[in-house]
Structures are given as structure tokens and as C-alpha cells.
$ cat structure-v4.cif   # mmCIF, C-alpha atoms and all ligand atoms
data_entry
#
loop_
_atom_site.label_atom_id
_atom_site.label_comp_id
_atom_site.auth_asym_id
_atom_site.auth_seq_id
_atom_site.Cartn_x
_atom_site.Cartn_y
_atom_site.Cartn_z
CA ASP J 78 -7.01 -35.34 36.78
CA TYR J 79 -4.35 -36.35 34.30
CA ALA J 80 -6.69 -37.79 31.67
CA ARG J 81 -8.89 -34.70 31.75
CA GLU J 82 -5.88 -32.42 31.53
CA ARG J 83 -4.64 -34.36 28.53
CA ARG J 84 -8.01 -34.09 26.80
CA ARG J 85 -8.08 -30.36 27.48
CA LYS J 86 -4.61 -29.95 26.05
CA GLU J 87 -5.49 -32.00 23.01
CA LYS J 88 -8.42 -29.74 22.33
CA SER J 89 -6.77 -26.36 22.63
CA PHE J 90 -5.17 -25.01 19.50
CA ASN J 91 -3.02 -22.00 20.16
CA ILE J 92 -2.59 -19.30 17.60
CA ALA J 93 -0.43 -16.20 17.51
CA VAL J 94 -1.41 -13.32 15.24
CA PHE J 95 1.34 -11.03 13.90
CA ALA J 96 0.17 -7.58 12.76
CA SER J 97 2.01 -4.35 12.00
CA GLY J 98 -0.90 -2.03 11.37
CA ARG J 99 -4.60 -1.35 11.83
CA GLY J 100 -5.51 -4.97 12.55
CA THR J 101 -8.94 -5.37 10.98
CA ASN J 102 -8.08 -8.97 10.12
CA LEU J 103 -7.04 -9.51 13.74
CA GLN J 104 -10.42 -8.05 14.72
CA GLY J 105 -12.14 -10.55 12.41
CA ILE J 106 -10.36 -13.38 14.21
CA ILE J 107 -11.18 -11.94 17.65
CA ASP J 108 -14.86 -11.63 16.71
CA ALA J 109 -14.99 -15.19 15.36
CA VAL J 110 -13.38 -16.51 18.56
CA GLU J 111 -15.68 -14.48 20.82
CA LYS J 112 -18.74 -15.63 18.92
CA LYS J 113 -17.42 -19.20 19.19
CA ARG J 114 -17.45 -19.65 15.44
CA LEU J 115 -13.73 -20.32 15.76
CA LYS J 116 -12.63 -22.53 18.64
CA VAL J 117 -8.98 -21.66 19.11
CA ASN J 118 -6.95 -19.92 21.81
CA LEU J 119 -5.75 -16.55 20.67
CA SER J 120 -2.60 -16.94 22.77
CA LEU J 121 -0.56 -13.99 21.61
CA VAL J 122 -0.81 -10.89 19.45
CA PHE J 123 2.61 -9.77 18.30
CA SER J 124 3.58 -6.53 16.62
CA ASP J 125 6.88 -5.14 15.40
CA LYS J 126 5.31 -1.65 15.73
CA ALA J 127 4.70 -0.21 19.19
CA ASP J 128 1.86 1.99 17.95
CA ALA J 129 0.04 -0.62 15.85
CA GLN J 130 -3.71 -0.29 16.18
CA ALA J 131 -3.74 -4.08 16.24
CA LEU J 132 -2.14 -3.99 19.72
CA ASP J 133 -4.89 -1.68 21.00
CA ARG J 134 -7.55 -3.99 19.63
CA ALA J 135 -5.88 -6.96 21.36
CA ARG J 136 -5.58 -5.16 24.69
CA LYS J 137 -9.21 -4.08 24.53
CA HIS J 138 -10.17 -7.73 24.38
CA GLY J 139 -7.84 -8.73 27.20
CA LEU J 140 -5.45 -10.63 24.96
CA GLU J 141 -1.77 -11.04 25.67
CA THR J 142 0.35 -8.78 23.51
CA LEU J 143 4.00 -8.55 22.67
CA HIS J 144 5.97 -5.86 20.91
CA LEU J 145 9.58 -6.27 19.90
CA ASP J 146 11.46 -3.56 18.05
CA ALA J 147 13.67 -5.23 15.45
CA LYS J 148 15.98 -2.20 15.47
CA LYS J 149 16.93 -2.96 19.06
CA PHE J 150 18.43 -6.31 18.05
CA SER J 151 21.81 -6.75 16.40
CA SER J 152 20.36 -8.94 13.63
CA ARG J 153 17.16 -10.51 12.35
CA GLU J 154 18.41 -13.77 13.80
CA GLU J 155 18.58 -12.28 17.32
CA PHE J 156 15.18 -10.66 16.90
CA GLU J 157 13.57 -13.91 15.80
CA LYS J 158 15.32 -15.92 18.50
CA GLU J 159 13.72 -13.70 21.11
CA LEU J 160 10.33 -13.92 19.40
CA ILE J 161 10.56 -17.73 19.22
CA LYS J 162 11.08 -17.82 23.01
CA TYR J 163 7.69 -16.20 23.53
CA LEU J 164 6.00 -18.38 20.94
CA GLU J 165 7.37 -21.50 22.59
CA LYS J 166 6.31 -20.31 26.03
CA LYS J 167 2.77 -19.99 24.67
CA SER J 168 2.94 -23.38 22.88
CA VAL J 169 1.85 -21.73 19.66
CA ASP J 170 0.54 -24.18 17.06
CA LEU J 171 -0.06 -21.71 14.24
CA ILE J 172 1.24 -18.25 13.40
CA VAL J 173 -1.12 -16.04 11.42
CA LEU J 174 0.39 -13.10 9.57
CA ALA J 175 -2.35 -10.50 9.25
CA GLY J 176 -0.84 -7.36 7.82
CA TYR J 177 2.61 -8.19 9.19
CA MET J 178 5.01 -6.07 7.17
CA ARG J 179 8.24 -7.89 7.94
CA ILE J 180 9.82 -10.75 6.04
CA VAL J 181 9.94 -13.97 8.06
CA GLY J 182 13.54 -15.13 8.31
CA PRO J 183 15.06 -18.61 8.21
CA ASP J 184 15.04 -19.13 11.98
CA LEU J 185 11.34 -18.51 12.42
CA LEU J 186 10.54 -20.48 9.27
CA ALA J 187 12.55 -23.44 10.51
CA ALA J 188 10.95 -23.34 13.97
CA TYR J 189 7.42 -23.17 12.54
CA ARG J 190 7.68 -24.98 9.20
CA ASN J 191 4.22 -25.24 7.56
CA LYS J 192 2.79 -23.51 10.62
CA ILE J 193 2.81 -19.94 9.36
CA ILE J 194 0.05 -18.57 7.15
CA ASN J 195 -0.36 -15.18 5.54
CA ILE J 196 -3.22 -13.26 3.98
CA HIS J 197 -2.41 -11.36 0.81
CA PRO J 198 -4.78 -8.94 -0.95
CA SER J 199 -4.57 -10.36 -4.47
CA LEU J 200 -5.33 -13.56 -6.30
CA LEU J 201 -1.86 -15.04 -6.08
CA PRO J 202 0.24 -15.71 -8.08
CA LYS J 203 -0.99 -12.41 -9.47
CA PHE J 204 0.66 -9.36 -7.89
CA ARG J 205 3.15 -11.16 -5.71
CA GLY J 206 5.12 -8.80 -3.52
CA CYS J 207 2.63 -5.93 -3.57
CA ALA J 208 1.38 -4.41 -0.34
CA GLY J 209 -1.95 -2.87 0.70
CA ILE J 210 -3.64 -0.43 -1.65
CA GLU J 211 -0.85 -0.92 -4.19
CA CYS J 212 -2.25 -4.39 -4.97
CA HIS J 213 -5.66 -2.89 -5.76
CA ARG J 214 -4.12 -0.12 -7.84
CA LEU J 215 -2.39 -2.77 -9.93
CA ALA J 216 -5.64 -4.69 -10.37
CA VAL J 217 -7.68 -1.61 -11.37
CA SER J 218 -5.06 -0.05 -13.66
CA GLY J 219 -4.35 -3.43 -15.23
CA GLY J 220 -7.99 -3.69 -16.31
CA GLU J 221 -8.59 -6.87 -14.29
CA LYS J 222 -12.19 -8.12 -14.26
CA GLU J 223 -11.77 -9.61 -10.80
CA THR J 224 -9.39 -9.68 -7.88
CA GLY J 225 -9.48 -10.96 -4.32
CA CYS J 226 -7.40 -12.34 -1.52
CA THR J 227 -5.30 -15.40 -0.87
CA VAL J 228 -4.32 -17.28 2.26
CA HIS J 229 -1.10 -19.21 1.77
CA LEU J 230 1.56 -21.03 3.71
CA VAL J 231 4.61 -18.90 4.33
CA THR J 232 7.86 -20.20 2.87
CA GLU J 233 11.16 -18.53 1.95
CA ASP J 234 9.49 -17.63 -1.34
CA LEU J 235 7.84 -14.22 -0.76
CA ASP J 236 4.06 -14.59 -1.37
CA GLY J 237 4.91 -17.83 -3.15
CA GLY J 238 4.05 -20.58 -0.64
CA PRO J 239 1.30 -23.15 -1.27
CA ILE J 240 -2.13 -21.57 -1.63
CA LEU J 241 -4.67 -22.69 0.98
CA ALA J 242 -7.72 -20.65 -0.05
CA GLN J 243 -8.84 -17.71 -2.16
CA ALA J 244 -11.88 -15.46 -2.36
CA LYS J 245 -12.74 -13.51 -5.48
CA VAL J 246 -14.56 -10.23 -5.96
CA PRO J 247 -15.54 -8.52 -9.22
CA ILE J 248 -14.02 -5.24 -10.34
CA LEU J 249 -16.89 -3.09 -11.51
CA LYS J 250 -17.16 -0.08 -13.79
CA GLY J 251 -16.30 3.06 -11.82
CA ASP J 252 -14.34 1.18 -9.17
CA THR J 253 -11.29 2.83 -7.64
CA PRO J 254 -8.48 1.08 -5.76
CA GLU J 255 -10.24 2.20 -2.57
CA THR J 256 -13.65 0.73 -3.42
CA VAL J 257 -11.96 -2.50 -4.48
CA ALA J 258 -9.93 -2.52 -1.24
CA ASP J 259 -13.15 -2.34 0.81
CA ARG J 260 -14.72 -5.17 -1.16
CA VAL J 261 -11.66 -7.38 -0.81
CA LEU J 262 -11.21 -6.60 2.89
CA LYS J 263 -14.73 -7.87 3.65
CA GLU J 264 -13.75 -11.17 2.06
CA GLU J 265 -10.45 -11.26 3.97
CA HIS J 266 -12.34 -11.03 7.24
CA LEU J 267 -14.31 -14.17 6.32
CA LEU J 268 -11.56 -16.13 4.60
CA LEU J 269 -8.84 -15.93 7.25
CA PRO J 270 -10.94 -17.24 10.18
CA ALA J 271 -12.32 -19.97 7.89
CA VAL J 272 -8.82 -21.18 7.00
CA ILE J 273 -7.69 -21.05 10.64
CA LYS J 274 -10.76 -23.12 11.55
CA ASP J 275 -9.93 -25.77 8.95
CA ILE J 276 -6.32 -26.01 10.05
CA SER J 277 -7.27 -26.19 13.73
CA GLU J 278 -9.63 -29.05 12.90
CA GLY J 279 -6.90 -30.91 11.05
CA LYS J 280 -8.32 -30.19 7.62
CA GLY J 281 -6.30 -28.65 4.82
CA LYS J 282 -2.60 -28.38 4.23
CA GLY J 283 -1.36 -26.29 7.16
CA CYS J 284 0.35 -27.64 10.31
C1 LIG L 301 -4.68 -6.71 4.41
O1 LIG L 301 -5.11 -6.16 3.22
C2 LIG L 301 -3.90 -7.97 4.19
O2 LIG L 301 -4.32 -8.68 3.07
C3 LIG L 301 -2.51 -7.44 3.96
O3 LIG L 301 -2.38 -6.37 4.84
C4 LIG L 301 -3.67 -5.82 5.11
C5 LIG L 301 -3.84 -5.81 6.59
O4 LIG L 301 -4.99 -5.12 7.00
N1 LIG L 301 -1.52 -8.48 4.14
P1 LIG L 301 -5.41 -5.10 8.51
O5 LIG L 301 -4.23 -4.58 9.32
O6 LIG L 301 -5.76 -6.51 8.90
O7 LIG L 301 -6.58 -4.19 8.60
#
$ encode --input "structure-v4.cif" --output "C-alpha cells" --more "lines below"
Ligand code: GRF
Amino acid sequence: DYARERRRKEKSFNIAVFASGRGTNLQGIIDAVEKKRLKVNLSLVFSDKADAQALDRARKHGLETLHLDAKKFSSREEFEKELIKYLEKKSVDLIVLAGYMRIVGPDLLAAYRNKIINIHPSLLPKFRGCAGIECHRLAVSGGEKETGCTVHLVTEDLDGGPILAQAKVPILKGDTPETVADRVLKEEHLLLPAVIKDISEGKGKGC
């Protein structure tokens, strides 16, 4: 009936995950959803790369996937317009950037203001703008005693939006960028689902 349908709709919180690469953070979200630690609908997994491992992971779990090749559009605006169509069709409440290697443009930002989060592998504002292993190289070569990861709201300011949560790890004697990367990644897989959970429950700054 109508009342039941409304209650059901009120309860479901739809997320889209954007990933360009291997998708271990996506996997962390999938696992949390499947184990019911995270009660959200993983409505869409989007990638700008046709061969992203993230898409394979999504398909393996029966999730809806979308790939759009930005090069096939005349501009970023056209690309994002098309993407927004899919997001609206899926009534997406929150976009999670998990290793998404493309800058979010003004159209997508305007359509989903305060509804896009990103995970970055450093303790922001340290090492803004770095990507992947480069962030850990900077931390190790800079003699940092600790590093970590940050989940933040996405704004026009690259890696500069309001910080929602951070997790720290120590940098130990003998560490290499690779050993630090492994340590940080484990934390990423816990932090991102935890932040999504808070937002979906109406806690925290997002949405
Ligand atoms: C992670 O280190 C994340 O912090 C960064 O990109 C990497 C994505 O890894 N934004 P994966 O594709 O989730 O394995």
C-alpha cells in the first residue's frame, strides 16, 4: 500500500560508487553491504574506464554498472550531463568517489552539492593533489612519523573540501611507500563504509 511504499522509500538510501581502477574500496563497500553492516542500496557503479577492475567486481556481485568514455563526448559538460541522467534515474542520494581519477566538474557538483565524497590516501591538508603511491612516497621521503587517509566532501577545491573523517597509521623504520600503502589501504576499507553509514543515518556533515 501507499504508506508502506513511502516507508520503504524513506528507508532506502541510494549510493553510486565511481571508480577508475582496481576497486578495493568498492569491494570494501560491497562487503559491508552484503554483511549488512552498511544498510544502503548500492544502486550504481560507474567507471570512466571500460577495463576498470572495479566494474568486474561490481558485475560479479550482480550490481548495475555504467561506463561512459569521456573522450566520446564533445565536452566535460556533455559527459556529465549524460552521467547525471543515469544518477537521477537511480535516485542517487550520495556519490562516493573511490579511486575515481577524473575531476568533478561544475555541472555534477551543482547537481549533487554536498552529496559527493572522496577518499584520499593522505592526512589532508597534507599532500593535496597527490595520487596513489605518490602520496605514500611523499610521506616516506618527507620523514613523516604518520600518515593515513581522509574522507572529505568534494567541492571545486581539489582535495580541499570539508573533512569528514580521517584514520592515521604510523610510519615505521624500514617502511617503503608500498608497505605504507598497504597499511593505509586497510584503514581506507574501514573508514569509507563507516562514513557512508553515518551519512546514510543522517549523522555527520554530508547530504
Ligand atoms: C585509494 O588509495 C584511494 O585513497 C585513492 O585511490 C585509491 C583507490 O584504490 N583515491 P582502489 O581502486 O579502491 O583499490
$ closest_residue --input "structure-v4.cif" --among "J:Asn91, J:Lys112, J:Gln243, J:Leu119" --to "Glu165 of chain J" --atoms "only C-alpha atoms"
J:Asn91
$ axis_aligned_box --input "structure-v4.cif" --around "segment 112-131 of chain J" --padding-each-side "3 Å" --output "lines of an AutoDock Vina configuration file"
center_x = -5.9
center_y = -10.3
center_z = 19.1
size_x = 31.6
size_y = 30.5
size_z = 13.4
$ closest_residue --input "structure-v4.cif" --among "J:Met178, J:Ala188, J:Leu140, J:Ile276" --to "Leu160 of chain J" --atoms "all atoms listed in the file"
J:Ala188
$ closest_residue --input "structure-v4.cif" --among "J:Glu265, J:Asp170, J:Asp275, J:Glu159" --to "Gly225 of chain J" --atoms "all atoms listed in the file"
J:Glu265
$ residues_near_ligand --input "structure-v4.cif" --ligand "ligand LIG 301 (chain L)" --cutoff "6 Å" --atoms "all atoms listed in the file" --output "number ranges by chain"
J: 98-103, 175-176, 196-198, 209
$ residues_near_point --input "structure-v4.cif" --point "(-6.2, -23.7, 22.5)" --cutoff "7 Å" --atoms "all atoms listed in the file" --output "NGL selection string"
:J and (88-91 or 117-118)
$ closest_residue --input "structure-v4.cif" --among "J:Cys207, J:Cys212, J:Ile248, J:Leu121" --to "Leu171 of chain J" --atoms "all atoms listed in the file"
J:Leu121
$ closest_residue --input "structure-v4.cif" --among "J:Val246, J:Asn195, J:Asp184, J:Gly105" --to "Glu155 of chain J" --atoms "all atoms listed in the file"
J:Asp184
$ closest_residue --input "structure-v4.cif" --among "J:Ala96, J:Leu115, J:Ala80, J:Ile106" --to "Lys274 of chain J" --atoms "only C-alpha atoms"
J:Leu115
$ residues_around --input "structure-v4.cif" --residues "Thr227 of chain J" --least-positions-apart "2" --cutoff "12 Å" --atoms "only C-alpha atoms" --output "PyMOL selection string"
chain J and resi 175+194-205+224-225+229-231+236-246+261-262+264-269+272
$ residues_around --input "structure-v4.cif" --residues "Thr253 of chain J" --least-positions-apart "3" --cutoff "7 Å" --atoms "all atoms listed in the file" --output "CSV table (one decimal) with C-alpha atoms, in the frame of the given file"
chain,number,residue,atom,x,y,z
J,217,VAL,CA,-7.7,-1.6,-11.4
J,256,THR,CA,-13.6,0.7,-3.4
J,257,VAL,CA,-12.0,-2.5,-4.5
$ atom_distance --input "structure-v4.cif" --atom1 "atom CA of Phe150 of chain J" --atom2 "atom CA of Lys166 of chain J"
20.2 Å
$ atom_distance --input "structure-v4.cif" --atom1 "atom CA of Arg190 of chain J" --atom2 "atom CA of Phe95 of chain J"
16.0 Å
$ atom_distance --input "structure-v4.cif" --atom1 "atom CA of Arg214 of chain J" --atom2 "atom CA of Ile172 of chain J"
28.4 Å
$ residues_around --input "structure-v4.cif" --residues "Lys158 of chain J" --least-positions-apart "5" --cutoff "10 Å" --atoms "all atoms listed in the file" --output "ChimeraX atom specification"
/J:152-153,163-164,184-185,188
$ residues_around --input "structure-v4.cif" --residues "Asp146 of chain J" --least-positions-apart "6" --cutoff "9 Å" --atoms "all atoms listed in the file" --output "number ranges by chain"
J: 124-127, 156
$ write_last_selection --input "structure-v4.cif" --atoms "C-alpha atoms" --output "PDB file, in the frame of the given file"
ATOM      1  CA  SER J 124       3.580  -6.530  16.620  1.00  0.00           C
ATOM      2  CA  ASP J 125       6.880  -5.140  15.400  1.00  0.00           C
ATOM      3  CA  LYS J 126       5.310  -1.650  15.730  1.00  0.00           C
ATOM      4  CA  ALA J 127       4.700  -0.210  19.190  1.00  0.00           C
ATOM      5  CA  PHE J 156      15.180 -10.660  16.900  1.00  0.00           C
TER       6      PHE J 156
END
$ residues_near_point --input "structure-v4.cif" --point "(-7.5, -7.5, 23.1)" --cutoff "12 Å" --atoms "all atoms listed in the file" --output "list in words"
Val94, Gly100, Leu103, Gln104, Ile106, Ile107, Asp108, Val110, Glu111, Leu119, Ser120, Leu121, Val122, Phe123, Gln130, Ala131, Leu132, Asp133, Arg134, Ala135, Arg136, Lys137, His138, Gly139, Leu140, Glu141, Thr142 and Leu143 of chain J
$ build_atoms --input "structure-v4.cif" --residues "segment 171-182 of chain J" --atoms "all heavy atoms" --output "PDB file, in the coordinates of the input"
ATOM      1  N   LEU J 171       0.075 -22.344  15.567  1.00  0.00           N
ATOM      2  CA  LEU J 171      -0.060 -21.710  14.240  1.00  0.00           C
ATOM      3  C   LEU J 171       0.193 -20.213  14.372  1.00  0.00           C
ATOM      4  O   LEU J 171      -0.334 -19.571  15.286  1.00  0.00           O
ATOM      5  CB  LEU J 171      -1.485 -21.945  13.697  1.00  0.00           C
ATOM      6  CG  LEU J 171      -1.813 -21.309  12.348  1.00  0.00           C
ATOM      7  CD1 LEU J 171      -1.120 -22.063  11.204  1.00  0.00           C
ATOM      8  CD2 LEU J 171      -3.330 -21.307  12.100  1.00  0.00           C
ATOM      9  N   ILE J 172       0.998 -19.695  13.457  1.00  0.00           N
ATOM     10  CA  ILE J 172       1.240 -18.250  13.400  1.00  0.00           C
ATOM     11  C   ILE J 172       0.462 -17.690  12.212  1.00  0.00           C
ATOM     12  O   ILE J 172       0.564 -18.213  11.097  1.00  0.00           O
ATOM     13  CB  ILE J 172       2.751 -17.949  13.217  1.00  0.00           C
ATOM     14  CG1 ILE J 172       3.544 -18.471  14.416  1.00  0.00           C
ATOM     15  CG2 ILE J 172       2.983 -16.449  13.003  1.00  0.00           C
ATOM     16  CD1 ILE J 172       5.061 -18.393  14.228  1.00  0.00           C
ATOM     17  N   VAL J 173      -0.309 -16.654  12.476  1.00  0.00           N
ATOM     18  CA  VAL J 173      -1.120 -16.040  11.420  1.00  0.00           C
ATOM     19  C   VAL J 173      -0.582 -14.641  11.148  1.00  0.00           C
ATOM     20  O   VAL J 173      -0.608 -13.777  12.029  1.00  0.00           O
ATOM     21  CB  VAL J 173      -2.602 -15.943  11.872  1.00  0.00           C
ATOM     22  CG1 VAL J 173      -3.450 -15.278  10.793  1.00  0.00           C
ATOM     23  CG2 VAL J 173      -3.149 -17.325  12.228  1.00  0.00           C
ATOM     24  N   LEU J 174      -0.083 -14.441   9.946  1.00  0.00           N
ATOM     25  CA  LEU J 174       0.390 -13.100   9.570  1.00  0.00           C
ATOM     26  C   LEU J 174      -0.802 -12.344   9.003  1.00  0.00           C
ATOM     27  O   LEU J 174      -1.377 -12.750   7.986  1.00  0.00           O
ATOM     28  CB  LEU J 174       1.505 -13.179   8.528  1.00  0.00           C
ATOM     29  CG  LEU J 174       2.705 -14.099   8.837  1.00  0.00           C
ATOM     30  CD1 LEU J 174       3.777 -13.933   7.748  1.00  0.00           C
ATOM     31  CD2 LEU J 174       3.292 -13.829  10.207  1.00  0.00           C
ATOM     32  N   ALA J 175      -1.180 -11.271   9.678  1.00  0.00           N
ATOM     33  CA  ALA J 175      -2.350 -10.500   9.250  1.00  0.00           C
ATOM     34  C   ALA J 175      -1.914  -9.041   9.139  1.00  0.00           C
ATOM     35  O   ALA J 175      -2.014  -8.281  10.089  1.00  0.00           O
ATOM     36  CB  ALA J 175      -3.490 -10.662  10.259  1.00  0.00           C
ATOM     37  N   GLY J 176      -1.365  -8.709   7.985  1.00  0.00           N
ATOM     38  CA  GLY J 176      -0.840  -7.360   7.820  1.00  0.00           C
ATOM     39  C   GLY J 176       0.475  -7.193   8.559  1.00  0.00           C
ATOM     40  O   GLY J 176       0.756  -6.132   9.120  1.00  0.00           O
ATOM     41  N   TYR J 177       1.277  -8.242   8.563  1.00  0.00           N
ATOM     42  CA  TYR J 177       2.610  -8.190   9.190  1.00  0.00           C
ATOM     43  C   TYR J 177       3.603  -7.811   8.091  1.00  0.00           C
ATOM     44  O   TYR J 177       3.735  -8.530   7.099  1.00  0.00           O
ATOM     45  CB  TYR J 177       2.958  -9.550   9.783  1.00  0.00           C
ATOM     46  CG  TYR J 177       4.284  -9.600  10.509  1.00  0.00           C
ATOM     47  CD1 TYR J 177       4.512  -8.810  11.637  1.00  0.00           C
ATOM     48  CD2 TYR J 177       5.297 -10.452  10.079  1.00  0.00           C
ATOM     49  CE1 TYR J 177       5.714  -8.866  12.315  1.00  0.00           C
ATOM     50  CE2 TYR J 177       6.505 -10.514  10.762  1.00  0.00           C
ATOM     51  CZ  TYR J 177       6.702  -9.725  11.879  1.00  0.00           C
ATOM     52  OH  TYR J 177       7.899  -9.785  12.554  1.00  0.00           O
ATOM     53  N   MET J 178       4.245  -6.665   8.272  1.00  0.00           N
ATOM     54  CA  MET J 178       5.010  -6.070   7.170  1.00  0.00           C
ATOM     55  C   MET J 178       6.506  -6.438   7.179  1.00  0.00           C
ATOM     56  O   MET J 178       7.308  -5.729   6.588  1.00  0.00           O
ATOM     57  CB  MET J 178       4.854  -4.544   7.186  1.00  0.00           C
ATOM     58  CG  MET J 178       3.410  -4.070   7.026  1.00  0.00           C
ATOM     59  SD  MET J 178       2.608  -4.775   5.564  1.00  0.00           S
ATOM     60  CE  MET J 178       3.417  -3.800   4.294  1.00  0.00           C
ATOM     61  N   ARG J 179       6.836  -7.512   7.827  1.00  0.00           N
ATOM     62  CA  ARG J 179       8.240  -7.890   7.940  1.00  0.00           C
ATOM     63  C   ARG J 179       8.426  -9.267   7.289  1.00  0.00           C
ATOM     64  O   ARG J 179       7.532 -10.110   7.391  1.00  0.00           O
ATOM     65  CB  ARG J 179       8.564  -7.956   9.429  1.00  0.00           C
ATOM     66  CG  ARG J 179       9.985  -7.946   9.800  1.00  0.00           C
ATOM     67  CD  ARG J 179      10.115  -7.654  11.283  1.00  0.00           C
ATOM     68  NE  ARG J 179       9.994  -6.228  11.530  1.00  0.00           N
ATOM     69  CZ  ARG J 179      10.982  -5.358  11.334  1.00  0.00           C
ATOM     70  NH1 ARG J 179      12.154  -5.767  10.932  1.00  0.00           N
ATOM     71  NH2 ARG J 179      10.794  -4.073  11.551  1.00  0.00           N
ATOM     72  N   ILE J 180       9.550  -9.452   6.651  1.00  0.00           N
ATOM     73  CA  ILE J 180       9.820 -10.750   6.040  1.00  0.00           C
ATOM     74  C   ILE J 180      10.214 -11.748   7.126  1.00  0.00           C
ATOM     75  O   ILE J 180      10.995 -11.422   8.029  1.00  0.00           O
ATOM     76  CB  ILE J 180      10.922 -10.613   4.955  1.00  0.00           C
ATOM     77  CG1 ILE J 180      10.322  -9.892   3.749  1.00  0.00           C
ATOM     78  CG2 ILE J 180      11.482 -11.980   4.557  1.00  0.00           C
ATOM     79  CD1 ILE J 180      11.287  -9.593   2.633  1.00  0.00           C
ATOM     80  N   VAL J 181       9.628 -12.926   7.067  1.00  0.00           N
ATOM     81  CA  VAL J 181       9.940 -13.970   8.060  1.00  0.00           C
ATOM     82  C   VAL J 181      11.267 -14.611   7.660  1.00  0.00           C
ATOM     83  O   VAL J 181      11.442 -15.066   6.529  1.00  0.00           O
ATOM     84  CB  VAL J 181       8.810 -15.022   8.102  1.00  0.00           C
ATOM     85  CG1 VAL J 181       9.160 -16.138   9.074  1.00  0.00           C
ATOM     86  CG2 VAL J 181       7.495 -14.358   8.503  1.00  0.00           C
ATOM     87  N   GLY J 182      12.191 -14.630   8.590  1.00  0.00           N
ATOM     88  CA  GLY J 182      13.540 -15.130   8.310  1.00  0.00           C
ATOM     89  C   GLY J 182      13.661 -16.633   8.504  1.00  0.00           C
ATOM     90  O   GLY J 182      12.729 -17.298   8.958  1.00  0.00           O
TER      91      GLY J 182
END
